[in-house]
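Okay, entry-v9.cif now, which holds mmCIF, C-alpha atoms:
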data_input
#
loop_
_atom_site.label_atom_id
_atom_site.label_comp_id
_atom_site.auth_asym_id
_atom_site.auth_seq_id
_atom_site.Cartn_x
_atom_site.Cartn_y
_atom_site.Cartn_z
CA MET A 1 28.73 15.02 115.17
CA THR A 2 27.02 13.59 112.10
CA SER A 3 29.20 13.42 109.05
CA TYR A 4 27.78 13.32 105.55
CA SER A 5 29.45 11.55 102.68
CA ALA A 6 30.01 13.53 99.49
CA SER A 7 27.44 11.45 97.63
CA MET A 8 24.71 12.57 100.02
CA TRP A 9 25.19 16.28 99.35
CA PRO A 10 23.09 16.49 96.16
CA ALA A 11 20.16 14.81 97.93
CA ILE A 12 20.52 17.10 100.94
CA GLU A 13 20.70 20.09 98.65
CA VAL A 14 17.52 19.00 96.82
CA ALA A 15 15.74 18.43 100.16
CA ARG A 16 16.87 21.86 101.37
CA LEU A 17 15.68 23.55 98.20
CA THR A 18 12.37 21.69 98.30
CA SER A 19 11.80 22.54 101.95
CA GLU A 20 12.60 26.17 101.15
CA ARG A 21 10.37 26.32 98.09
CA LEU A 22 7.17 24.85 99.52
CA PRO A 23 6.71 27.35 102.35
CA THR A 24 7.53 30.13 99.91
CA LEU A 25 4.65 29.11 97.67
CA ALA A 26 2.36 28.52 100.63
CA GLU A 27 3.17 31.89 102.10
CA SER A 28 2.94 33.73 98.80
CA THR A 29 0.04 36.05 98.20
CA SER A 30 -2.40 35.17 95.44
CA GLU A 31 -0.85 37.92 93.32
CA GLN A 32 2.64 36.43 93.70
CA LEU A 33 1.29 32.95 92.89
CA MET A 34 -0.37 34.32 89.77
CA GLU A 35 2.87 35.96 88.68
CA ARG A 36 4.78 32.72 89.20
CA TYR A 37 2.11 30.82 87.29
CA VAL A 38 2.44 33.31 84.44
CA ASP A 39 6.20 32.69 84.56
CA GLY A 40 5.51 29.00 83.95
CA GLU A 41 5.51 27.44 87.44
CA ALA A 42 2.96 24.65 87.57
CA ASP A 43 3.23 24.35 91.37
CA ALA A 44 2.21 27.96 91.73
CA PHE A 45 -0.96 27.19 89.77
CA GLU A 46 -1.70 24.32 92.15
CA PHE A 47 -1.47 26.64 95.16
CA LEU A 48 -3.44 29.35 93.42
CA TYR A 49 -6.14 26.89 92.42
CA ARG A 50 -6.46 25.56 95.96
CA ARG A 51 -6.73 29.07 97.31
CA VAL A 52 -9.13 30.52 94.76
CA SER A 53 -11.36 27.68 93.55
CA PRO A 54 -13.56 27.33 96.69
CA ASN A 55 -14.46 31.02 96.60
CA LEU A 56 -15.02 30.90 92.87
CA MET A 57 -17.12 27.74 93.10
CA GLY A 58 -19.23 29.22 95.90
CA TYR A 59 -19.84 32.33 93.83
CA LEU A 60 -20.72 30.40 90.65
CA LEU A 61 -22.97 28.00 92.58
CA ARG A 62 -25.02 30.87 93.88
CA LEU A 63 -25.13 32.56 90.48
CA THR A 64 -26.28 29.46 88.60
CA ARG A 65 -28.05 27.58 91.43
CA ASN A 66 -26.92 24.44 89.67
CA ARG A 67 -23.80 22.45 90.56
CA GLU A 68 -23.12 21.07 87.09
CA ARG A 69 -23.41 24.46 85.41
CA ALA A 70 -21.25 25.97 88.11
CA GLU A 71 -18.56 23.36 87.51
CA ASP A 72 -18.76 23.87 83.75
CA LEU A 73 -18.34 27.60 84.26
CA LEU A 74 -15.45 26.96 86.64
CA GLN A 75 -13.66 25.05 83.88
CA ILE A 76 -14.45 27.75 81.32
CA THR A 77 -13.19 30.42 83.71
CA PHE A 78 -9.90 28.65 84.36
CA SER A 79 -9.36 27.98 80.67
CA LYS A 80 -9.87 31.71 80.03
CA ILE A 81 -7.45 32.54 82.84
CA HIS A 82 -4.92 30.15 81.33
CA ARG A 83 -5.24 31.71 77.88
CA ALA A 84 -5.21 35.27 79.22
CA ARG A 85 -2.43 34.78 81.77
CA GLY A 86 -0.02 36.72 79.57
CA SER A 87 -2.25 39.79 79.81
CA TYR A 88 -2.42 39.74 83.61
CA LEU A 89 -1.03 43.04 84.83
CA ARG A 90 1.57 42.55 87.56
CA GLY A 91 0.29 43.61 90.96
CA ALA A 92 -3.40 43.67 90.00
CA PRO A 93 -5.60 42.05 92.68
CA VAL A 94 -6.14 38.46 91.52
CA LEU A 95 -9.43 37.47 93.14
CA PRO A 96 -11.51 40.34 91.69
CA TRP A 97 -9.80 39.72 88.31
CA ILE A 98 -10.76 36.04 88.38
CA LEU A 99 -14.27 36.70 89.71
CA ALA A 100 -14.85 39.28 86.97
CA ILE A 101 -13.80 36.72 84.34
CA ALA A 102 -16.15 34.18 85.94
CA ARG A 103 -19.01 36.67 85.99
CA ARG A 104 -18.47 37.56 82.31
CA SER A 105 -18.40 33.85 81.45
CA PHE A 106 -21.69 33.36 83.30
CA LEU A 107 -23.34 36.32 81.54
CA ASP A 108 -22.03 35.20 78.12
CA GLU A 109 -23.25 31.66 78.70
CA ARG A 110 -26.66 32.83 79.82
CA ARG A 111 -26.96 35.23 76.92
CA SER A 112 -25.92 32.73 74.28
CA ALA A 113 -27.92 29.79 75.55
CA HIS A 114 -30.89 31.78 76.88
CA VAL A 115 -30.65 29.49 79.87
CA ARG A 116 -33.36 29.95 82.42
CA THR A 117 -33.20 28.35 85.80
CA GLU A 118 -36.43 26.38 85.84
CA ASP A 119 -37.14 23.15 87.65
CA LEU A 120 -38.45 20.72 85.05
CA SER A 121 -41.40 18.42 85.54
CA PRO A 122 -40.56 14.72 86.10
CA ASP A 123 -40.75 13.94 82.37
CA GLY A 124 -38.24 16.74 81.78
CA SER A 125 -40.37 18.78 79.42
CA LEU A 126 -42.16 21.63 81.16
CA PRO A 127 -41.28 23.96 83.98
CA GLU A 128 -42.77 22.75 87.22
CA ARG A 129 -45.48 24.91 88.71
CA GLN A 130 -43.95 26.83 91.58
CA ASN A 131 -45.80 27.26 94.82
CA GLU A 132 -46.15 30.82 96.07
CA ALA A 133 -43.57 30.53 98.79
CA PRO A 134 -42.59 27.08 100.00
CA PRO A 135 -41.81 26.98 103.71
CA LEU A 136 -38.20 27.38 104.76
CA PRO A 137 -36.33 24.33 106.09
CA ALA A 138 -36.11 23.88 109.84
CA GLU A 139 -32.31 24.14 109.94
CA LEU A 140 -31.12 27.75 109.89
CA SER A 141 -28.17 27.09 107.57
CA ASP A 142 -30.47 25.42 105.01
CA ALA A 143 -33.02 28.18 105.43
CA LEU A 144 -30.33 30.75 104.75
CA GLU A 145 -29.41 29.01 101.48
CA VAL A 146 -33.06 28.98 100.40
CA ALA A 147 -33.56 32.59 101.46
CA LEU A 148 -30.42 33.60 99.52
CA ASP A 149 -31.77 31.79 96.45
CA ARG A 150 -35.00 33.75 96.71
CA LEU A 151 -33.23 37.11 96.65
CA PRO A 152 -33.14 39.08 93.38
CA GLU A 153 -29.90 38.37 91.50
CA THR A 154 -28.37 41.80 92.07
CA TYR A 155 -28.85 41.61 95.86
CA ARG A 156 -27.72 37.99 96.00
CA GLU A 157 -24.54 38.69 94.04
CA ALA A 158 -23.62 41.63 96.26
CA ILE A 159 -24.18 39.62 99.45
CA VAL A 160 -22.35 36.54 98.14
CA LEU A 161 -19.33 38.59 97.08
CA THR A 162 -19.04 40.49 100.33
CA LYS A 163 -20.17 37.88 102.86
CA ILE A 164 -19.20 34.52 101.40
CA THR A 165 -16.38 35.28 98.97
CA GLY A 166 -14.89 37.78 101.37
CA LEU A 167 -14.29 40.71 99.03
CA THR A 168 -14.27 44.27 100.29
CA VAL A 169 -17.06 46.56 99.12
CA ALA A 170 -14.63 48.30 96.75
CA GLU A 171 -13.52 44.99 95.21
CA ALA A 172 -17.13 43.77 94.90
CA ALA A 173 -18.02 47.06 93.21
CA THR A 174 -15.23 46.51 90.69
CA VAL A 175 -16.35 42.95 89.94
CA LEU A 176 -19.97 44.04 89.52
CA GLY A 177 -19.11 47.16 87.52
CA ALA A 178 -21.01 49.32 89.98
CA THR A 179 -20.19 52.07 92.43
CA GLU A 180 -19.41 51.29 96.06
CA THR A 181 -22.58 53.09 97.13
CA ALA A 182 -24.66 50.92 94.81
CA VAL A 183 -23.11 47.76 96.24
CA LYS A 184 -23.72 48.93 99.82
CA LEU A 185 -27.34 49.67 98.90
CA ARG A 186 -27.78 46.24 97.32
CA VAL A 187 -26.31 44.51 100.36
CA HIS A 188 -28.53 46.57 102.67
CA ARG A 189 -31.68 45.80 100.71
CA GLY A 190 -30.73 42.15 100.45
CA TYR A 191 -30.20 42.09 104.22
CA ASN A 192 -33.64 43.57 104.79
CA GLN A 193 -35.22 40.85 102.66
CA LEU A 194 -33.20 38.15 104.39
CA ARG A 195 -34.20 39.57 107.77
CA LYS A 196 -37.88 39.35 106.82
CA GLU A 197 -37.50 35.79 105.52
CA LEU A 198 -35.58 34.60 108.56
CA GLU A 199 -37.64 36.41 111.17
CA GLN A 200 -39.21 33.19 112.44
CA TYR A 201 -35.79 31.82 113.42
CA SER A 202 -35.19 34.63 115.87
CA ARG A 203 -38.50 33.82 117.58
CA THR A 204 -37.85 30.10 117.97
CA PRO A 205 -36.11 29.38 121.26
CA MET B 1 -39.56 47.18 129.42
CA SER B 2 -39.46 44.88 126.40
CA THR B 3 -36.26 43.10 125.52
CA PRO B 4 -34.91 43.89 122.05
CA THR B 5 -35.52 41.19 119.44
CA PRO B 6 -32.24 39.49 118.53
CA ASP B 7 -31.14 40.24 115.00
CA PRO B 8 -31.40 37.00 113.02
CA LEU B 9 -28.56 38.15 110.75
CA ALA B 10 -26.17 38.99 113.54
CA ASP B 11 -24.62 35.56 113.72
CA LEU B 12 -25.78 33.76 110.62
CA PRO B 13 -24.16 30.51 109.57
CA TRP B 14 -23.04 31.88 106.20
CA PRO B 15 -22.29 29.05 103.76
CA LYS B 16 -18.63 28.13 103.55
CA PRO B 17 -16.88 28.28 100.18
CA GLU B 18 -17.30 24.95 98.39
CA CYS B 19 -14.78 22.84 96.54
CA PRO B 20 -15.54 21.47 93.10
CA ARG B 21 -15.58 17.71 92.56
CA GLU B 22 -12.16 16.09 92.40
CA GLU B 23 -12.52 15.03 88.74
CA VAL B 24 -13.38 18.61 87.77
CA SER B 25 -10.34 19.89 89.65
CA ALA B 26 -8.15 17.26 87.99
CA ALA B 27 -9.39 18.27 84.54
CA ILE B 28 -8.70 21.95 85.25
CA ARG B 29 -5.24 21.22 86.67
CA SER B 30 -4.37 19.11 83.68
CA ALA B 31 -5.61 21.71 81.18
CA CYS B 32 -3.84 24.59 82.89
CA THR B 33 -0.50 22.98 83.63
CA LYS B 34 0.04 20.75 80.61
CA ASN B 35 3.19 21.89 78.77
CA LEU B 36 3.15 25.04 80.87
CA CYS B 37 5.77 27.55 79.78
CA PRO B 38 6.33 31.21 80.60
CA ALA B 39 3.61 33.28 78.98
CA GLN B 40 4.68 35.85 76.44
CA ARG B 41 3.72 39.16 77.91
CA MET B 42 4.22 42.79 77.09
CA SER B 43 5.30 45.04 79.90
CA ALA B 44 3.14 48.06 80.69
CA ALA B 45 5.99 50.30 79.49
CA LEU B 46 6.09 48.53 76.13
CA ARG B 47 2.32 48.84 75.78
CA LEU B 48 2.52 52.55 76.56
CA THR B 49 5.37 52.94 74.07
CA LEU B 50 3.28 51.30 71.35
CA CYS B 51 0.43 53.74 72.00
CA VAL B 52 2.76 56.75 72.00
CA ALA B 53 4.37 55.51 68.77
CA ALA B 54 0.97 55.27 67.07
CA SER B 55 0.06 58.79 68.22
CA SER B 56 3.42 60.17 67.05
CA PHE B 57 2.99 58.45 63.70
CA VAL B 58 -0.38 60.10 62.99
CA ALA B 59 0.95 63.48 64.21
CA ALA B 60 3.86 63.12 61.77
CA ALA B 61 1.41 62.21 59.01
CA GLY B 62 -0.64 65.34 59.83
CA TYR B 63 2.53 67.46 59.74
CA TRP B 64 3.57 65.98 56.41
CA PHE B 65 0.07 66.61 55.03
CA GLY B 66 0.21 70.25 56.19
CA VAL B 67 3.66 70.87 54.73
CA SER B 68 2.93 69.15 51.41
CA HIS B 69 -0.34 71.10 50.97
CA GLY B 70 1.31 74.45 51.58
CA ARG B 71 -0.20 75.28 54.95
CA SER B 72 1.28 78.42 56.53
CA GLU B 73 4.18 77.98 58.92
CA LEU B 74 2.30 79.79 61.67
CA GLY B 75 -0.70 77.49 61.23
CA ILE B 76 1.46 74.37 61.44
CA ARG B 77 3.28 75.75 64.44
CA LEU B 78 0.01 76.48 66.26
CA GLY B 79 -1.26 73.01 65.39
CA LEU B 80 1.91 71.46 66.78
CA TYR B 81 1.67 73.48 70.02
CA GLY B 82 -1.93 72.34 70.44
CA ALA B 83 -0.96 68.73 69.75
CA ALA B 84 1.89 68.91 72.28
CA ALA B 85 -0.40 70.33 74.97
CA TRP B 86 -3.07 67.71 74.36
CA ALA B 87 -0.49 64.93 74.24
CA VAL B 88 0.04 65.51 77.97
CA LEU B 89 -3.66 64.97 78.63
CA GLN B 90 -3.67 61.95 76.33
CA ALA B 91 -0.78 60.48 78.31
CA ALA B 92 -2.70 61.13 81.54
CA VAL B 93 -5.77 59.34 80.17
CA LEU B 94 -3.57 56.48 79.02
CA PHE B 95 -1.88 56.24 82.41
CA VAL B 96 -5.06 56.47 84.49
CA GLY B 97 -7.13 54.31 82.16
CA PHE B 98 -4.64 51.62 81.25
CA GLY B 99 -1.60 51.95 83.49
CA GLY B 100 -2.85 49.10 85.62
CA PRO B 101 -3.64 49.14 89.31
CA ARG B 102 -0.84 49.56 91.78
CA ARG B 103 -0.55 46.78 94.31
CA GLY B 104 -3.53 46.71 96.61
CA ARG B 105 -5.32 49.47 94.73
CA LEU B 106 -8.02 49.24 92.14
CA PRO B 107 -8.36 51.71 89.28
CA THR B 108 -10.67 54.52 90.25
CA ARG B 109 -13.75 54.01 88.16
CA THR B 110 -15.18 57.43 88.93
CA LEU B 111 -12.01 59.16 87.76
CA ARG B 112 -12.04 57.22 84.51
CA LEU B 113 -15.72 58.01 83.98
CA ALA B 114 -14.98 61.68 84.62
CA LEU B 115 -12.18 61.54 82.03
CA ALA B 116 -14.44 59.81 79.49
CA VAL B 117 -16.97 62.61 79.81
CA GLY B 118 -14.69 65.54 80.62
CA VAL B 119 -12.02 65.17 77.93
CA PRO B 120 -14.41 65.43 74.93
CA VAL B 121 -16.13 68.43 76.55
CA LEU B 122 -12.75 70.09 77.15
CA PHE B 123 -11.65 69.33 73.62
CA LEU B 124 -14.81 70.84 72.13
CA CYS B 125 -14.19 73.95 74.26
CA TYR B 126 -10.61 74.06 72.94
CA LEU B 127 -11.89 73.83 69.36
CA THR B 128 -14.41 76.58 70.04
CA CYS B 129 -11.64 78.83 71.34
CA SER B 130 -9.39 78.09 68.38
CA ALA B 131 -12.13 78.86 65.83
CA TRP B 132 -11.49 82.29 64.29
CA THR B 133 -14.32 82.42 61.78
CA TYR B 134 -17.96 81.40 61.82
CA VAL B 135 -20.46 80.79 59.05
CA PRO B 136 -24.13 79.89 59.60
CA PHE B 137 -24.89 76.18 59.47
CA ASP B 138 -26.89 76.35 56.23
CA GLN B 139 -23.82 77.81 54.49
CA PHE B 140 -21.55 75.22 56.05
CA SER B 141 -23.78 72.32 55.03
CA HIS B 142 -23.51 73.00 51.29
CA GLY B 143 -20.93 72.84 48.53
CA ALA B 144 -17.19 73.06 49.01
CA ARG B 145 -17.31 73.59 52.77
CA LEU B 146 -19.24 70.36 53.29
CA SER B 147 -16.99 68.32 51.02
CA HIS B 148 -13.90 69.73 52.79
CA ALA B 149 -15.49 68.86 56.15
CA LEU B 150 -16.27 65.32 55.00
CA ARG B 151 -12.72 64.86 53.69
CA CYS B 152 -11.20 66.15 56.91
CA GLY B 153 -13.59 64.06 59.01
CA SER B 154 -12.71 60.89 57.10
CA VAL B 155 -8.99 61.50 57.54
CA ALA B 156 -9.45 62.27 61.26
CA LEU B 157 -11.55 59.13 61.65
CA PHE B 158 -8.90 57.07 59.89
CA PHE B 159 -6.07 58.50 62.00
CA GLY B 160 -8.14 58.13 65.16
CA ALA B 161 -9.02 54.54 64.31
CA LEU B 162 -5.30 53.81 63.84
CA VAL B 163 -4.42 55.13 67.30
CA SER B 164 -7.46 53.54 68.96
CA GLY B 165 -6.63 50.25 67.27
CA ALA B 166 -3.07 50.46 68.57
CA VAL B 167 -4.32 51.14 72.11
CA LEU B 168 -6.83 48.28 71.95
CA LEU B 169 -4.18 45.97 70.52
CA ALA B 170 -1.61 46.94 73.13
CA TRP B 171 -4.00 46.34 76.04
CA ARG B 172 -5.88 43.41 74.48
CA GLY B 173 -7.38 41.05 77.04
CA THR B 174 -6.14 42.96 80.06
CA ASP B 175 -9.35 44.30 81.55
CA PRO B 176 -12.08 41.92 82.63
CA LEU B 177 -13.42 44.46 85.11
CA THR B 178 -14.52 47.47 83.03
CA PRO B 179 -13.73 46.60 79.40
CA ARG B 180 -16.40 48.88 77.90
CA LEU B 181 -15.18 51.90 79.83
CA SER B 182 -11.58 51.11 78.89
CA GLY B 183 -12.69 50.71 75.26
CA ALA B 184 -14.33 54.13 75.38
CA LEU B 185 -11.11 55.60 76.79
CA ALA B 186 -9.14 53.94 73.97
CA GLY B 187 -11.52 55.51 71.47
CA LEU B 188 -11.11 58.83 73.23
CA ILE B 189 -7.31 58.70 73.05
CA GLY B 190 -7.48 57.76 69.37
CA GLY B 191 -10.08 60.43 68.64
CA VAL B 192 -8.01 63.17 70.24
CA GLY B 193 -4.91 61.90 68.40
CA GLY B 194 -6.70 61.84 65.04
CA ALA B 195 -8.29 65.26 65.53
CA LEU B 196 -4.97 66.83 66.52
CA ALA B 197 -3.13 65.23 63.60
CA VAL B 198 -5.72 66.60 61.18
CA GLY B 199 -5.59 69.92 63.03
CA ILE B 200 -1.89 70.25 62.15
CA GLY B 201 -2.56 69.77 58.46
CA CYS B 202 -6.00 71.40 58.07
CA PRO B 203 -6.00 75.14 57.30
CA SER B 204 -9.63 75.73 58.30
CA HIS B 205 -10.47 77.74 61.44
CA GLU B 206 -14.20 77.77 60.88
CA ALA B 207 -16.24 76.81 63.94
CA TRP B 208 -18.66 74.32 62.35
CA HIS B 209 -15.81 72.64 60.49
CA LEU B 210 -13.80 72.21 63.67
CA TRP B 211 -16.74 70.90 65.71
CA VAL B 212 -18.02 68.48 63.09
CA SER B 213 -14.83 67.27 61.38
CA HIS B 214 -12.40 67.43 64.28
CA GLY B 215 -14.55 67.31 67.42
CA LEU B 216 -17.36 64.83 66.80
CA ILE B 217 -14.80 62.24 65.71
CA ILE B 218 -13.83 61.88 69.35
CA VAL B 219 -17.38 61.15 70.41
CA ALA B 220 -17.81 58.71 67.52
CA LEU B 221 -14.59 56.86 68.33
CA ALA B 222 -15.36 56.78 72.06
CA GLY B 223 -18.71 55.22 71.17
CA MET B 224 -17.03 52.68 68.89
CA GLY B 225 -14.50 51.89 71.62
CA PHE B 226 -17.33 51.36 74.07
CA ALA B 227 -18.98 48.98 71.60
CA VAL B 228 -15.90 46.86 70.88
CA GLY B 229 -14.28 47.21 74.33
CA ARG B 230 -15.75 44.07 75.78
CA ARG B 231 -14.68 41.91 72.85
CA ALA B 232 -11.22 43.44 72.61
CA LEU B 233 -10.24 44.10 76.20
CA ALA B 234 -11.96 41.41 78.29
CA PRO B 235 -9.99 38.13 78.49
#

Whole structure, structure tokens version:
Amino acid sequence: MTSYSASMWPAIEVARLTSERLPTLAESTSEQLMERYVDGEADAFEFLYRRVSPNLMGYLLRLTRNRERAEDLLQITFSKIHRARGSYLRGAPVLPWILAIARRSFLDERRSAHVRTEDLSPDGSLPERQNEAPPLPAELSDALEVALDRLPETYREAIVLTKITGLTVAEAATVLGATETAVKLRVHRGYNQLRKELEQYSRTP
Amino acid sequence: MSTPTPDPLADLPWPKPECPREEVSAAIRSACTKNLCPAQRMSAALRLTLCVAASSFVAAAGYWFGVSHGRSELGIRLGLYGAAAWAVLQAAVLFVGFGGPRRGRLPTRTLRLALAVGVPVLFLCYLTCSAWTYVPFDQFSHGARLSHALRCGSVALFFGALVSGAVLLAWRGTDPLTPRLSGALAGLIGGVGGALAVGIGCPSHEAWHLWVSHGLIIVALAGMGFAVGRRALAP
């Protein structure tokens, strides 16, 4: 039988506590991680960030259609979360809360800067003349991205939240400040447009 | 028989969530965890207590005003009964509007919208029922009646703004989802509080006076709450 000297006990105890703590954080729900972050646990933020940031980034990317703006907004969103963490109500669903903050940040930024998503001409001065409807890429996944970009913002947001971010219709409705029926309608109409755009891919063998 | 066309959306390669660049993540981590300490937070119970305290304060002020201006005991008593009955509804609005979602449940937006519309309508009906006298509008809009209505309206607005301010302050930064609606509900709670407080102290039972000085304050404060809700309640 292995015998441990007395001097080893503190190290074993630390290892035991560490091995107990990590799975606890990993297995925690986002809401529990948020609560622990609010209570001052930096590790909980790390786990929460890893869990939430891909969804948030995907959402912001499709809102802004620009990686740099999306990353700026991601930083703004997290700084707002950090400042407002004391006002987080225990038990409130975290992802819709964070996505709503991100959406407000996007709308504020767009309103204040009057930013319009235009592709500039090579000298960077004028918007480039857009063709009527450039052909979709050959690869279906790329075509889907382009087709999503072509959707009106309301339809795109509803589809991104429900299909890519993985929210339920009720949660998406809360983030968008709309009724569930309105969100279902937006998703349905967006689907119809996507179906029209991607029709050719169903015909190709 | 023709074969059905396969649905191109049935099995779409939806884009996967994307990670930000590592330097962006590092900057966020550093900003959010540097000198991290437990955030100072008010519990929901404390927030509710603050709102109730503000409402009680203006009701006490209305009572004091009524007593010091020689209002009849019966009038004060009726005003207090009305205030007590409406306090229950105020508490319900406060609980539904601001109590926070229970785990796994989101606040019911439709219910809150119904409250925002229904409570002022109910309150105007209550005022109509409690009006004992009626003068035509052209008589109401002149002389002493108008100045009394303006005085009462100003006091009700002041009391209502105090309660609404307390509600907005107590729940500051807690609602990124529907801050305007929550702001309107805060205005509504304050408006009802202010109108009831003035109702305890005001001897008038004239219909126009009650509608204009006591009732429209609620609508005005709900509108103000809607206007400032986003700034005050969104993080």

* To do: Excluding Gly82 in chain B and residues on its chain fewer than 5 positions from it, collect all residues at most 12 Å away from it, counting all atoms listed in the file, and give them as JSON, numbers by chain.
  => {"B": [59, 75, 76, 77, 87, 88, 89, 123, 126, 127, 129, 130, 192, 193, 195, 196, 197, 198, 199, 200]}

* Output check: residues returned by the PyMOL selection byres ((chain B and resi 179) around 10), as a list in words ->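 Written out, the selection comes to Gly177 of chain A; Arg172, Gly173, Thr174, Asp175, Pro176, Leu177, Thr178, Arg180, Leu181, Ser182, Gly183, Ala184, Leu185, Gly225, Phe226, Ala227, Val228, Gly229, Arg230, Arg231, Ala232, Leu233, Ala234 and Pro235 of chain B.
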
* To do: Could you check how far CA of Gly191 in chain B sits from CA of Gly160 in chain B, in Å to one decimal?
  =>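 Atom-to-atom, CA of Gly191 in chain B and CA of Gly160 in chain B are spaced 4.6 Å apart.
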
* May I have the protein, DNA and RNA residues with an atom at most 12 Å from (-9.6, 36.6, 100.7), counting all atoms listed in the file in the file's coordinates, returned as a list in words? => Thr29, Ser30, Glu31, Leu48, Arg51, Val52, Ser53, Pro54, Asn55, Leu56, Pro93, Val94, Leu95, Pro96, Leu99, Leu161, Thr162, Lys163, Ile164, Thr165, Gly166, Leu167, Thr168, Glu171 and Ala172 of chain A; Pro17 of chain B

Dump as a PDB file, in the coordinates of the input, selection limited to C-alpha atoms:
ATOM      1  CA  THR A  29       0.040  36.050  98.200  1.00  0.00           C
ATOM      2  CA  SER A  30      -2.400  35.170  95.440  1.00  0.00           C
ATOM      3  CA  GLU A  31      -0.850  37.920  93.320  1.00  0.00           C
ATOM      4  CA  LEU A  48      -3.440  29.350  93.420  1.00  0.00           C
ATOM      5  CA  ARG A  51      -6.730  29.070  97.310  1.00  0.00           C
ATOM      6  CA  VAL A  52      -9.130  30.520  94.760  1.00  0.00           C
ATOM      7  CA  SER A  53     -11.360  27.680  93.550  1.00  0.00           C
ATOM      8  CA  PRO A  54     -13.560  27.330  96.690  1.00  0.00           C
ATOM      9  CA  ASN A  55     -14.460  31.020  96.600  1.00  0.00           C
ATOM     10  CA  LEU A  56     -15.020  30.900  92.870  1.00  0.00           C
ATOM     11  CA  PRO A  93      -5.600  42.050  92.680  1.00  0.00           C
ATOM     12  CA  VAL A  94      -6.140  38.460  91.520  1.00  0.00           C
ATOM     13  CA  LEU A  95      -9.430  37.470  93.140  1.00  0.00           C
ATOM     14  CA  PRO A  96     -11.510  40.340  91.690  1.00  0.00           C
ATOM     15  CA  LEU A  99     -14.270  36.700  89.710  1.00  0.00           C
ATOM     16  CA  LEU A 161     -19.330  38.590  97.080  1.00  0.00           C
ATOM     17  CA  THR A 162     -19.040  40.490 100.330  1.00  0.00           C
ATOM     18  CA  LYS A 163     -20.170  37.880 102.860  1.00  0.00           C
ATOM     19  CA  ILE A 164     -19.200  34.520 101.400  1.00  0.00           C
ATOM     20  CA  THR A 165     -16.380  35.280  98.970  1.00  0.00           C
ATOM     21  CA  GLY A 166     -14.890  37.780 101.370  1.00  0.00           C
ATOM     22  CA  LEU A 167     -14.290  40.710  99.030  1.00  0.00           C
ATOM     23  CA  THR A 168     -14.270  44.270 100.290  1.00  0.00           C
ATOM     24  CA  GLU A 171     -13.520  44.990  95.210  1.00  0.00           C
ATOM     25  CA  ALA A 172     -17.130  43.770  94.900  1.00  0.00           C
TER      26      ALA A 172
ATOM     27  CA  PRO B  17     -16.880  28.280 100.180  1.00  0.00           C
TER      28      PRO B  17
END

* Check what the PyMOL selection byres ((chain A) within 7 of (chain B)) selects in the file above and give those residues as a PyMOL selection string. => chain A and resi 38-40+42+53-55+57-58+71+75+78-80+82+84-89+91-93+97+100-101+141+164+174-175+177+195+198-199+201-202
